[in-house]
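Below: structure.csv (CSV, C-alpha atoms)
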```csv
chain,number,residue,atom,x,y,z
A,1,ALA,CA,-27.7,-3.8,71.2
A,2,THR,CA,-24.6,-1.7,70.8
A,3,TYR,CA,-22.3,0.6,72.6
A,4,PRO,CA,-23.2,4.2,71.6
A,5,GLY,CA,-20.1,5.1,69.5
A,6,ILE,CA,-20.8,2.8,66.6
A,7,ALA,CA,-24.6,3.7,66.7
A,8,ILE,CA,-23.9,7.3,65.7
A,9,ASP,CA,-22.9,6.9,62.1
A,10,PHE,CA,-21.7,3.4,61.2
A,11,LEU,CA,-24.8,1.3,62.1
A,12,PRO,CA,-27.3,3.7,60.6
A,13,MET,CA,-25.3,3.6,57.3
A,14,LEU,CA,-25.1,-0.2,57.4
A,15,ALA,CA,-28.7,-0.7,58.3
A,16,SER,CA,-29.8,1.6,55.5
A,17,GLU,CA,-27.9,-0.4,53.0
A,18,PHE,CA,-29.4,-3.6,54.3
A,19,LEU,CA,-32.9,-2.2,54.2
A,20,ALA,CA,-32.6,-1.0,50.6
A,21,GLU,CA,-32.4,-4.7,49.6
A,22,ARG,CA,-34.7,-6.1,52.3
A,23,PRO,CA,-37.6,-3.6,52.8
A,24,ASN,CA,-39.5,-6.1,55.1
A,25,VAL,CA,-36.7,-6.2,57.7
A,26,ARG,CA,-37.2,-4.2,60.9
A,27,PHE,CA,-34.5,-2.9,63.2
A,28,ARG,CA,-34.5,-1.9,66.8
A,29,VAL,CA,-31.2,-0.3,67.9
A,30,LEU,CA,-30.6,-0.3,71.6
A,31,SER,CA,-27.7,2.1,72.4
A,32,ARG,CA,-26.2,1.1,75.8
A,33,SER,CA,-22.8,1.1,77.5
A,34,SER,CA,-20.7,-2.0,76.8
A,35,TYR,CA,-21.2,-3.1,80.4
A,36,VAL,CA,-25.0,-3.0,80.0
A,37,VAL,CA,-24.9,-4.9,76.7
A,38,ARG,CA,-22.7,-7.5,78.4
A,39,ASP,CA,-25.2,-8.0,81.2
A,40,MET,CA,-28.0,-8.4,78.7
A,41,ILE,CA,-26.5,-11.4,76.9
A,42,PRO,CA,-27.9,-14.1,79.1
A,43,PHE,CA,-31.4,-12.7,78.8
A,44,SER,CA,-31.5,-13.0,74.9
A,45,GLN,CA,-32.9,-9.4,74.6
A,46,PHE,CA,-31.2,-8.9,71.2
A,47,ASP,CA,-30.1,-10.7,68.1
A,48,ILE,CA,-26.6,-9.1,67.8
A,49,GLY,CA,-24.5,-7.4,70.5
A,50,VAL,CA,-21.6,-5.0,69.6
A,51,LEU,CA,-19.5,-4.1,72.6
A,52,GLU,CA,-16.0,-2.8,73.4
A,53,GLY,CA,-13.4,-5.1,74.9
A,54,PRO,CA,-12.0,-6.5,76.9
A,55,LEU,CA,-14.5,-9.3,77.3
A,56,ASP,CA,-14.1,-11.1,80.6
A,57,GLN,CA,-14.6,-14.5,78.9
A,58,GLN,CA,-14.8,-15.7,75.3
A,59,ARG,CA,-18.5,-16.6,74.9
A,60,ALA,CA,-19.6,-19.2,72.5
A,61,GLY,CA,-20.2,-17.7,69.1
A,62,SER,CA,-18.6,-14.4,70.0
A,63,GLU,CA,-16.2,-12.8,67.5
A,64,ARG,CA,-13.3,-10.5,68.4
A,65,LEU,CA,-12.3,-7.7,66.0
A,66,GLU,CA,-9.0,-5.8,66.5
A,67,PHE,CA,-8.4,-2.3,65.2
A,68,GLU,CA,-5.5,0.2,65.3
A,69,CYS,CA,-6.5,3.7,66.4
A,70,CYS,CA,-5.4,6.7,64.4
A,71,CYS,CA,-4.6,10.3,65.3
A,72,VAL,CA,-7.1,12.9,64.5
A,73,LEU,CA,-6.4,16.6,64.2
A,74,SER,CA,-7.6,19.7,62.3
A,75,GLU,CA,-6.6,19.9,58.7
A,76,ARG,CA,-5.2,23.3,59.6
A,77,HIS,CA,-3.1,22.0,62.5
A,78,PRO,CA,0.6,22.6,62.0
A,79,LEU,CA,1.3,18.9,62.7
A,80,ALA,CA,-1.1,17.8,59.9
A,81,CYS,CA,2.0,17.9,57.6
A,82,HIS,CA,3.3,14.7,59.2
A,83,ASP,CA,2.2,11.2,57.9
A,84,VAL,CA,2.9,9.6,61.2
A,85,LEU,CA,2.5,11.2,64.7
A,86,THR,CA,4.3,10.2,67.8
A,87,PRO,CA,4.4,11.2,71.5
A,88,GLN,CA,7.6,13.1,70.7
A,89,LEU,CA,5.8,15.2,68.1
A,90,LEU,CA,2.7,15.6,70.4
A,91,ASP,CA,4.8,16.7,73.4
A,92,GLY,CA,2.7,19.3,75.2
A,93,VAL,CA,0.1,19.6,72.5
A,94,PRO,CA,-3.5,20.0,73.8
A,95,PHE,CA,-5.0,16.5,73.8
A,96,VAL,CA,-8.6,15.2,74.1
A,97,SER,CA,-8.7,11.7,75.7
A,98,LEU,CA,-11.4,9.2,76.4
A,99,TYR,CA,-12.2,8.5,80.1
A,100,ARG,CA,-9.5,6.9,82.2
A,101,GLU,CA,-11.2,3.5,82.4
A,102,HIS,CA,-11.2,3.1,78.6
A,103,MET,CA,-8.9,0.5,77.1
A,104,THR,CA,-7.0,3.1,75.1
A,105,TYR,CA,-6.2,5.5,78.0
A,106,GLY,CA,-3.5,3.4,79.6
A,107,GLN,CA,-1.9,2.6,76.3
A,108,ILE,CA,-1.6,6.3,75.3
A,109,ALA,CA,-0.4,7.3,78.7
A,110,SER,CA,2.3,4.6,78.6
A,111,SER,CA,3.4,5.6,75.1
A,112,PHE,CA,4.0,9.2,76.3
A,113,LYS,CA,5.7,8.1,79.4
A,114,ALA,CA,8.1,5.8,77.6
A,115,ALA,CA,8.9,8.6,75.2
A,116,GLY,CA,9.5,11.1,78.0
A,117,SER,CA,6.9,13.4,76.5
A,118,HIS,CA,4.2,15.5,78.2
A,119,TRP,CA,0.7,14.2,77.6
A,120,ASN,CA,-1.2,17.4,77.9
A,121,VAL,CA,-4.8,16.2,78.4
A,122,VAL,CA,-7.1,19.2,78.4
A,123,ALA,CA,-10.4,17.4,78.1
A,124,GLU,CA,-11.8,13.9,78.7
A,125,THR,CA,-14.9,12.5,77.1
A,126,GLN,CA,-16.9,9.3,76.6
A,127,TYR,CA,-17.0,8.9,72.8
A,128,PHE,CA,-14.5,8.9,69.9
A,129,ALA,CA,-17.0,11.0,68.0
A,130,THR,CA,-16.6,13.8,70.5
A,131,CYS,CA,-12.8,13.5,70.2
A,132,CYS,CA,-13.1,13.9,66.5
A,133,ALA,CA,-15.4,16.9,66.9
A,134,PHE,CA,-12.8,18.5,69.2
A,135,ALA,CA,-10.1,17.9,66.6
A,136,ALA,CA,-12.2,19.4,63.8
A,137,HIS,CA,-12.4,22.7,65.6
A,138,GLY,CA,-8.7,22.7,66.8
A,139,PRO,CA,-6.2,23.2,68.4
A,140,CYS,CA,-6.6,19.8,70.2
A,141,VAL,CA,-5.5,16.5,68.8
A,142,SER,CA,-6.9,13.0,69.8
A,143,ILE,CA,-6.8,9.3,69.2
A,144,ALA,CA,-9.8,7.7,67.6
A,145,HIS,CA,-11.2,4.5,66.3
A,146,PRO,CA,-10.6,4.4,62.5
A,147,VAL,CA,-14.3,3.8,61.6
A,148,THR,CA,-15.4,6.8,63.6
A,149,ALA,CA,-12.6,8.9,62.2
A,150,HIS,CA,-13.8,8.1,58.7
A,151,PHE,CA,-17.0,9.9,59.2
A,152,TYR,CA,-15.2,13.1,60.1
A,153,ARG,CA,-12.6,13.3,57.3
A,154,ASN,CA,-14.9,15.5,55.3
A,155,ARG,CA,-15.5,17.8,58.3
A,156,GLY,CA,-12.1,19.3,58.5
A,157,VAL,CA,-10.4,16.4,60.3
A,158,ALA,CA,-7.0,15.0,59.1
A,159,ILE,CA,-6.4,11.4,59.9
A,160,ARG,CA,-2.8,10.2,60.6
A,161,LYS,CA,-1.1,7.1,61.8
A,162,PHE,CA,0.0,7.1,65.4
A,163,ARG,CA,3.0,5.2,66.7
A,164,PRO,CA,3.4,3.2,68.8
A,165,ALA,CA,0.1,1.5,67.8
A,166,ILE,CA,-2.9,1.9,70.1
A,167,VAL,CA,-5.0,-1.3,69.9
A,168,TYR,CA,-8.8,-1.3,70.2
A,169,GLU,CA,-11.1,-4.3,70.5
A,170,LEU,CA,-14.7,-4.9,69.5
A,171,TYR,CA,-16.7,-8.0,70.1
A,172,LEU,CA,-19.7,-9.3,68.2
A,173,VAL,CA,-21.8,-11.4,70.6
A,174,PHE,CA,-24.9,-13.5,70.2
A,175,PRO,CA,-27.3,-14.6,73.0
A,176,PRO,CA,-26.9,-18.3,73.6
A,177,LEU,CA,-30.7,-19.0,73.8
A,178,ARG,CA,-31.7,-17.0,70.7
A,179,PRO,CA,-31.1,-19.0,67.4
A,180,ARG,CA,-29.4,-17.0,64.8
A,181,SER,CA,-31.7,-16.5,61.9
A,182,LEU,CA,-30.6,-16.3,58.2
A,183,VAL,CA,-31.3,-12.5,58.1
A,184,VAL,CA,-29.2,-12.0,61.2
A,185,THR,CA,-26.3,-14.0,59.6
A,186,GLU,CA,-26.6,-11.9,56.4
A,187,PHE,CA,-26.4,-8.7,58.4
A,188,VAL,CA,-23.4,-9.8,60.4
A,189,ASP,CA,-21.6,-10.9,57.2
A,190,GLN,CA,-22.3,-7.5,55.7
A,191,MET,CA,-21.0,-5.7,58.8
A,192,LYS,CA,-17.8,-7.7,58.7
A,193,VAL,CA,-17.3,-6.9,55.1
A,194,ARG,CA,-17.6,-3.2,55.8
A,195,LEU,CA,-15.3,-3.4,58.8
A,196,GLU,CA,-12.6,-5.7,57.3
A,197,PRO,CA,-10.6,-2.9,55.6
A,198,PHE,CA,-10.2,-1.2,59.0
A,199,LEU,CA,-9.0,-4.2,60.9
A,200,ARG,CA,-5.5,-4.1,62.3
A,201,GLY,CA,-2.9,-5.2,59.7
A,202,GLN,CA,-5.4,-4.8,56.8
A,203,THR,CA,-4.7,-1.3,55.6
A,204,THR,CA,-2.4,1.7,55.9
A,205,THR,CA,-5.0,4.3,55.0
A,206,VAL,CA,-8.6,5.0,56.0
A,207,PRO,CA,-10.8,3.3,53.4
A,208,ASP,CA,-14.0,4.7,51.9
A,209,LEU,CA,-17.2,3.4,53.4
A,210,GLU,CA,-19.3,4.7,50.6
A,211,PRO,CA,-20.9,2.1,48.2
```
What's the structure tokens form of this structure?
Amino acid sequence: ATYPGIAIDFLPMLASEFLAERPNVRFRVLSRSSYVVRDMIPFSQFDIGVLEGPLDQQRAGSERLEFECCCVLSERHPLACHDVLTPQLLDGVPFVSLYREHMTYGQIASSFKAAGSHWNVVAETQYFATCCAFAAHGPCVSIAHPVTAHFYRNRGVAIRKFRPAIVYELYLVFPPLRPRSLVVTEFVDQMKVRLEPFLRGQTTTVPDLEP
């Protein structure tokens, strides 16, 4: 059970790799909001839950993953010449944001306010993938999860650092009444190996997810 964003590209890629070596495994991917996934935990309706933070309480066996968001914009955008983008450089530039309740919204708003820059939000959406699609077509820029951004870098999207850092949390959760099987453990281990290069403090560039 997973929040929709990671179910668009990353999980299908990961599951396909896993199935290539284990053809007898079967997947059922439930794409739900993080709030719904969180409410499903006590009922043991899935083997693995992937949801956005914050998590109201650290559940037994849950794992927190912390990422640093990046700035996405068209390769043809005038600001693509910069290696690092800041609120000062993005002053007044058309911006696509996630919805106001999302953990990144307040961080971005605060960074622009602290810099005395105009955060020119022209559109709000629910998914990082939509933000990246907007960026691909220009002239808007956005902030996105680095894993989602990876899947758009060959679709006309430039990926740049953003400072100050915008922190994004994911949680892997496991139902308390559902024993974790060997195959589930192997899948989780493979997922963490794929995500590790993107974790905050691990890399300065977007790594390649291809085998």
Across A:Leu14, A:Cys70, A:Leu172, A:Val96, the smallest distance to Phe134 in chain A, with only C-alpha atoms counted, is shown by A:Val96
Can you tell me which residues surround Ile8 in chain A at a distance of at most 10 Å, considering only C-alpha atoms, apart from same-chain residues fewer than 2 positions away, and format the answer as a short mmCIF file (atom, residue, chain, number, x, y, z; two decimals) with C-alpha atoms, in the frame of the given file?
```cif
data_model
loop_
_atom_site.label_atom_id
_atom_site.label_comp_id
_atom_site.auth_asym_id
_atom_site.auth_seq_id
_atom_site.Cartn_x
_atom_site.Cartn_y
_atom_site.Cartn_z
CA TYR A 3 -22.30 0.60 72.60
CA PRO A 4 -23.20 4.20 71.60
CA GLY A 5 -20.10 5.10 69.50
CA ILE A 6 -20.80 2.80 66.60
CA PHE A 10 -21.70 3.40 61.20
CA LEU A 11 -24.80 1.30 62.10
CA PRO A 12 -27.30 3.70 60.60
CA MET A 13 -25.30 3.60 57.30
CA SER A 31 -27.70 2.10 72.40
CA ALA A 129 -17.00 11.00 68.00
CA THR A 148 -15.40 6.80 63.60
CA PHE A 151 -17.00 9.90 59.20
#
```
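The spacing separating CA of Cys131 in chain A from CA of Ile143 in chain A amounts to 7.4 Å.
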Once you count only C-alpha atoms, what closest atom pair and distance in Å to one decimal does each residue of range 34-113 of chain A within 12 Å of range 25-29 of chain A have, with rows by chain and rising residue number, as CSV?
```
residue,atom,partner,partner_atom,distance
A:Val37,CA,A:Val29,CA,11.8
A:Gln45,CA,A:Arg28,CA,10.9
A:Phe46,CA,A:Arg28,CA,8.9
A:Asp47,CA,A:Arg28,CA,9.9
A:Ile48,CA,A:Val29,CA,9.9
A:Gly49,CA,A:Val29,CA,10.1
A:Val50,CA,A:Val29,CA,10.8
```
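Across the model, the gap from CA of Pro164 in chain A to CA of Thr86 in chain A is 7.1 Å.
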If we count all atoms listed in the file, what is near Glu169 in chain A at a cut-off of 7 Å, once residues fewer than 3 positions away on the same chain are taken out, given as a ChimeraX atom specification?
/A:52-54,64-67
Please identify all polymer residues within 6 Å of Cys140 in chain A, counting all atoms listed in the file, omitting same-chain residues fewer than 3 positions from it, and present them as a ChimeraX atom specification.
/A:94-95,135
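A straight line drawn from CA of Ala136 in chain A to CA of Ser74 in chain A is 4.8 Å long.
Nearest-residue note for Tyr171 in chain A: choosing from A:Gly61, A:Pro197, A:Gly116, A:Pro139, the minimum distance belongs to A:Gly61, counting only C-alpha atoms.
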Could you give me, as an NGL selection string, the residues within 7 Å of Ala144 in chain A, counting all atoms listed in the file and dropping anything in the same chain fewer than 2 positions from it?
:A and (69-72 or 128 or 142 or 146 or 148-149)
Determine, counting all atoms listed in the file, which protein, DNA and RNA residues have an atom within 9 Å of an atom of Arg76 in chain A; residues of the same chain fewer than 6 positions away are not included. Present the result as a compact mmCIF listing (two decimals) with C-alpha atoms, in the coordinates of the input.
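Generated output (part05.txt):
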```
# COMPACT_ATOMS: atom_id res chain seq x y z
CA GLY A 138 -8.70 22.70 66.80
CA PRO A 139 -6.20 23.20 68.40
CA GLY A 156 -12.10 19.30 58.50
CA VAL A 157 -10.40 16.40 60.30
CA ALA A 158 -7.00 15.00 59.10
```
Would you list the residues near (-30.3, -16.6, 78.6) (no more than 6 Å away, in the coordinates of the file, using only C-alpha atoms) as number ranges by chain?
A: 42-44, 177
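Each of A:Val183, A:Ala7, A:Arg153, A:Leu98 was checked against Asn24 in chain A using only C-alpha atoms; the smallest atom-to-atom distance is that of A:Val183.
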For a quick check of understanding, using only C-alpha atoms, which of A:Pro87, A:Phe187, A:Glu124, A:Phe112 has the smallest distance to Arg100 in chain A?
A:Glu124
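Between Gln107 in chain A and the residues A:Ala20, A:Ile166, A:Ala15, A:Met40, the shortest atom-to-atom distance, using all atoms listed in the file, involves A:Ile166.
Using only C-alpha atoms for every distance, the candidate list A:Met103, A:Leu85, A:Val193, A:Val173 yields A:Val173 as the residue closest to Thr2 in chain A.
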